[in-house]
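Source file: start-v1.cif; contents: mmCIF, C-alpha atoms.
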data_model
loop_
_atom_site.group_PDB
_atom_site.id
_atom_site.type_symbol
_atom_site.label_atom_id
_atom_site.label_comp_id
_atom_site.auth_asym_id
_atom_site.auth_seq_id
_atom_site.Cartn_x
_atom_site.Cartn_y
_atom_site.Cartn_z
ATOM 1 C CA MET A 335 31.827 -34.448 30.216
ATOM 2 C CA ALA A 336 33.927 -35.895 27.451
ATOM 3 C CA GLN A 337 34.365 -34.029 24.163
ATOM 4 C CA GLU A 338 32.304 -36.693 22.377
ATOM 5 C CA ASP A 339 29.425 -36.268 24.853
ATOM 6 C CA ARG A 340 29.499 -32.464 24.446
ATOM 7 C CA GLU A 341 29.277 -32.774 20.666
ATOM 8 C CA LEU A 342 26.377 -35.220 20.960
ATOM 9 C CA HIS A 343 24.613 -32.878 23.423
ATOM 10 C CA ARG A 344 25.131 -29.928 21.021
ATOM 11 C CA ALA A 345 23.777 -32.021 18.114
ATOM 12 C CA ASP A 346 20.695 -32.977 20.180
ATOM 13 C CA ASN A 347 19.982 -29.292 20.967
ATOM 14 C CA GLN A 348 20.376 -28.389 17.293
ATOM 15 C CA THR A 349 17.924 -31.160 16.313
ATOM 16 C CA ILE A 350 15.414 -29.898 18.895
ATOM 17 C CA SER A 351 15.763 -26.367 17.491
ATOM 18 C CA GLU A 352 15.290 -27.553 13.910
ATOM 19 C CA ASN A 353 12.189 -29.559 14.882
ATOM 20 C CA ARG A 354 10.731 -26.475 16.602
ATOM 21 C CA ARG A 355 11.300 -24.353 13.492
ATOM 22 C CA GLU A 356 9.498 -26.938 11.348
ATOM 23 C CA ARG A 357 6.373 -26.705 13.482
ATOM 24 C CA GLU A 358 6.688 -23.004 14.179
ATOM 25 C CA ALA A 359 3.514 -21.335 15.367
ATOM 26 C CA LEU A 360 1.776 -18.490 13.549
ATOM 27 C CA PHE A 361 0.125 -16.024 15.918
ATOM 28 C CA VAL A 362 -2.463 -13.378 15.111
ATOM 29 C CA PRO A 363 -1.667 -10.499 17.465
ATOM 30 C CA ARG A 364 -4.592 -9.136 19.439
ATOM 31 C CA ALA A 365 -5.138 -5.478 18.695
ATOM 32 C CA ASP A 366 -7.059 -2.457 19.911
ATOM 33 C CA ILE A 367 -7.889 0.436 17.597
ATOM 34 C CA ILE A 368 -8.402 3.860 19.086
ATOM 35 C CA GLU A 369 -9.764 6.808 17.118
ATOM 36 C CA THR A 370 -8.847 10.398 17.897
ATOM 37 C CA SER A 371 -9.873 13.504 16.001
ATOM 38 C CA ASP A 372 -6.733 13.434 13.860
ATOM 39 C CA SER A 373 -5.639 9.762 13.742
ATOM 40 C CA LEU A 374 -6.310 6.097 14.335
ATOM 41 C CA ILE A 375 -3.989 4.215 16.678
ATOM 42 C CA VAL A 376 -3.482 0.468 16.415
ATOM 43 C CA ILE A 377 -2.053 -1.171 19.540
ATOM 44 C CA ALA A 378 -1.009 -4.793 18.972
ATOM 45 C CA ASP A 379 0.410 -7.273 21.488
ATOM 46 C CA MET A 380 3.436 -9.066 20.061
ATOM 47 C CA PRO A 381 5.386 -10.481 23.050
ATOM 48 C CA GLY A 382 9.100 -10.880 22.394
ATOM 49 C CA VAL A 383 9.130 -8.718 19.254
ATOM 50 C CA ASP A 384 11.443 -5.715 19.038
ATOM 51 C CA GLU A 385 12.124 -3.057 16.383
ATOM 52 C CA LYS A 386 14.527 -5.386 14.539
ATOM 53 C CA SER A 387 12.087 -8.277 14.251
ATOM 54 C CA VAL A 388 8.905 -6.453 13.214
ATOM 55 C CA ASP A 389 7.945 -5.439 9.670
ATOM 56 C CA ILE A 390 5.098 -3.094 8.744
ATOM 57 C CA GLN A 391 4.005 -2.431 5.177
ATOM 58 C CA VAL A 392 1.129 -0.736 3.370
ATOM 59 C CA GLU A 393 0.189 -1.864 -0.114
ATOM 60 C CA HIS A 394 -3.101 -1.116 -1.894
ATOM 61 C CA ASN A 395 -4.575 0.272 1.360
ATOM 62 C CA VAL A 396 -3.792 -2.939 3.277
ATOM 63 C CA LEU A 397 -1.672 -2.536 6.422
ATOM 64 C CA THR A 398 0.369 -5.690 7.067
ATOM 65 C CA ILE A 399 2.071 -6.320 10.394
ATOM 66 C CA ALA A 400 4.574 -9.173 10.657
ATOM 67 C CA GLY A 401 7.065 -10.166 13.321
ATOM 68 C CA ARG A 402 9.152 -13.054 14.497
ATOM 69 C CA VAL A 403 10.234 -14.347 17.883
ATOM 70 C CA GLU A 404 13.126 -16.807 17.936
ATOM 71 C CA THR A 405 13.678 -19.464 20.570
ATOM 72 C CA GLU A 406 16.641 -18.603 22.749
ATOM 73 C CA ILE A 407 19.196 -21.375 22.990
ATOM 74 C CA PHE A 408 21.459 -21.107 26.000
ATOM 75 C CA GLU A 409 24.883 -22.651 25.525
ATOM 76 C CA GLY A 410 25.591 -25.290 28.098
ATOM 77 C CA PHE A 411 21.931 -25.820 29.056
ATOM 78 C CA GLN A 412 19.281 -28.216 27.880
ATOM 79 C CA LEU A 413 15.648 -27.162 27.673
ATOM 80 C CA GLY A 414 13.632 -29.249 30.127
ATOM 81 C CA TYR A 415 10.201 -27.640 29.701
ATOM 82 C CA GLN A 416 8.820 -24.738 27.675
ATOM 83 C CA GLU A 417 5.442 -22.973 27.844
ATOM 84 C CA PHE A 418 6.336 -19.814 25.945
ATOM 85 C CA GLU A 419 5.839 -20.508 22.252
ATOM 86 C CA THR A 420 7.897 -18.789 19.624
ATOM 87 C CA GLY A 421 7.132 -18.215 15.998
ATOM 88 C CA GLN A 422 5.711 -15.615 13.679
ATOM 89 C CA PHE A 423 3.093 -12.918 14.135
ATOM 90 C CA ALA A 424 0.983 -11.736 11.203
ATOM 91 C CA ARG A 425 -2.086 -9.537 10.855
ATOM 92 C CA GLN A 426 -3.643 -7.358 8.163
ATOM 93 C CA PHE A 427 -6.022 -4.411 8.284
ATOM 94 C CA THR A 428 -7.793 -2.780 5.355
ATOM 95 C CA LEU A 429 -7.389 0.988 5.514
ATOM 96 C CA SER A 430 -9.945 3.507 4.347
ATOM 97 C CA ASP A 431 -9.109 6.430 2.083
ATOM 98 C CA GLU A 432 -9.256 8.607 5.211
ATOM 99 C CA VAL A 433 -5.777 7.413 6.283
ATOM 100 C CA ASP A 434 -2.712 9.367 5.153
ATOM 101 C CA VAL A 435 -0.487 6.372 4.340
ATOM 102 C CA ASN A 436 2.579 8.611 3.908
ATOM 103 C CA GLY A 437 2.370 9.808 7.512
ATOM 104 C CA ILE A 438 2.148 6.440 9.295
ATOM 105 C CA GLU A 439 4.491 6.069 12.295
ATOM 106 C CA ALA A 440 5.196 3.044 14.461
ATOM 107 C CA SER A 441 7.006 2.198 17.677
ATOM 108 C CA VAL A 442 7.420 -0.924 19.787
ATOM 109 C CA ARG A 443 8.120 -1.190 23.503
ATOM 110 C CA ASN A 444 8.107 -4.327 25.637
ATOM 111 C CA GLY A 445 6.368 -6.332 22.903
ATOM 112 C CA VAL A 446 3.569 -3.788 22.409
ATOM 113 C CA LEU A 447 3.430 -2.322 18.907
ATOM 114 C CA GLU A 448 1.801 1.077 18.430
ATOM 115 C CA ILE A 449 0.997 2.297 14.928
ATOM 116 C CA ARG A 450 -0.277 5.848 14.437
ATOM 117 C CA LEU A 451 -2.354 6.267 11.284
ATOM 118 C CA PRO A 452 -2.959 9.974 10.661
ATOM 119 C CA LYS A 453 -6.190 10.997 8.958
ATOM 120 C CA VAL A 454 -6.098 13.041 5.755
ATOM 121 C CA GLU A 455 -7.059 16.660 6.340
ATOM 122 C CA SER A 456 -10.475 16.268 4.684
ATOM 123 C CA ALA A 457 -11.399 13.459 7.115
ATOM 124 C CA ARG A 458 -10.634 15.486 10.244
ATOM 125 C CA PRO A 459 -13.483 17.220 12.024
ATOM 126 C CA HIS A 460 -13.993 20.878 11.187
ATOM 127 C CA LYS A 461 -15.898 23.434 13.163
ATOM 128 C CA ILE A 462 -18.451 25.352 11.124
ATOM 129 C CA ALA A 463 -18.930 28.962 12.112
ATOM 130 C CA VAL A 464 -22.554 30.052 12.398
ATOM 131 C CA ARG A 465 -23.400 33.685 11.551
ATOM 132 C CA ALA A 466 -26.437 35.639 12.612
ATOM 133 C CA GLY A 467 -29.091 36.536 10.060
#
Please render this file's structure as structure tokens.
Amino acid sequence: MAQEDRELHRADNQTISENRREREALFVPRADIIETSDSLIVIADMPGVDEKSVDIQVEHNVLTIAGRVETEIFEGFQLGYQEFETGQFARQFTLSDEVDVNGIEASVRNGVLEIRLPKVESARPHKIAVRAG
């Protein structure tokens, strides 16, 4: 392939990438919420997201999850067909006052985000002792 052809091919791939970014998809990750005696656990599917491309914030009792998946461009190859969409993930949850926002922890593994929302002590179940008489 001549140098001129390679540059044209590279320019075509760059144009394809720019066009994809312009029409980038916005996904709402599906989530499960599990309640235990001491916390709530949010499990969200965000395929392709890792710890560097996910952002979690809490402001005014609103938990915001955001992430981004970039299209991989392989040097020397031209994309012939693509089913896997890339783009941004975004979802919000309103938290109750029962969540200790200072104790929230999160981890991501294989595109599955897990957020542990600990309950404040007063919201945890307490056993009440019963006395005779």
Might you pull out every residue within 9 Å of Ala378 (chain A), with all atoms listed in the file counted and same-chain residues fewer than 6 positions away left off, and present them as a list in words? Pro363, Arg364, Ala365, Asp366, Ile367, Gly445, Val446, Leu447, Glu448 and Ile449 of chain A
For CA of Val403 (chain A) and CA of Ile377 (chain A), quote the distance in Å rounded to one decimal.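 About the pair CA of Val403 (chain A) and CA of Ile377 (chain A): they are 18.1 Å apart.
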Near Ser430 (chain A), within 12 Å and counting all atoms listed in the file, which residues show up once chain neighbours fewer than 3 positions away are dropped, as a list in words? Leu374, Val392, His394, Asn395, Val396, Leu397, Phe427, Val433, Asp434, Val435, Leu451, Pro452, Lys453, Val454 and Ala457 of chain A
To one decimal place in Å, what is the distance between CA of Phe361 (chain A) and CA of Val442 (chain A)?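 Answer for the CA of Phe361 (chain A) to CA of Val442 (chain A) separation: 17.2 Å.
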CA of Glu385 (chain A) to CA of Glu406 (chain A) measures 17.4 Å
Cut-off 9 Å: closest region 345-411 of chain A/region 420-423 of chain A atom pairs per residue, using all atoms listed in the file, as CSV:
residue,atom,partner,partner_atom,distance
A:Arg354,CA,A:Thr420,CA,8.7
A:Arg355,CA,A:Gly421,CA,7.8
A:Arg357,CA,A:Gly421,CA,8.9
A:Glu358,CA,A:Gly421,CA,5.1
A:Ala359,CA,A:Gly421,CA,4.8
A:Leu360,CA,A:Gln422,CA,4.9
A:Phe361,CA,A:Phe423,CA,4.7
A:Val362,CA,A:Phe423,CA,5.7
A:Pro363,CA,A:Phe423,CA,6.3
A:Met380,CA,A:Phe423,CA,7.1
A:Gly382,CA,A:Thr420,CA,8.5
A:Val383,CA,A:Phe423,CA,9.0
A:Val388,CA,A:Phe423,CA,8.7
A:Ile399,CA,A:Phe423,CA,7.7
A:Ala400,CA,A:Phe423,CA,5.3
A:Gly401,CA,A:Phe423,CA,4.9
A:Arg402,CA,A:Gln422,CA,4.4
A:Val403,CA,A:Gly421,CA,5.3
A:Glu404,CA,A:Thr420,CA,5.8
A:Thr405,CA,A:Thr420,CA,5.9
From the list A:Ala424, A:Pro459, A:Ile375, A:Gly467, which residue is nearest Gln391 (chain A) when using only C-alpha atoms?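 Residue with the minimum atom-to-atom distance to Gln391 (chain A): A:Ala424.
Restricting the calculation to all atoms listed in the file, the smallest distance between Asp431 (chain A) and any of A:Phe418, A:Glu455, A:Asn444, A:Asp384 is found for A:Glu455.
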Pick out the closest residue to Asp379 (chain A) from this set: A:Gln426, A:Asn436, A:Arg443, A:Ala466. Count all atoms listed in the file.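 The answer is A:Arg443, which sits nearest to Asp379 (chain A).
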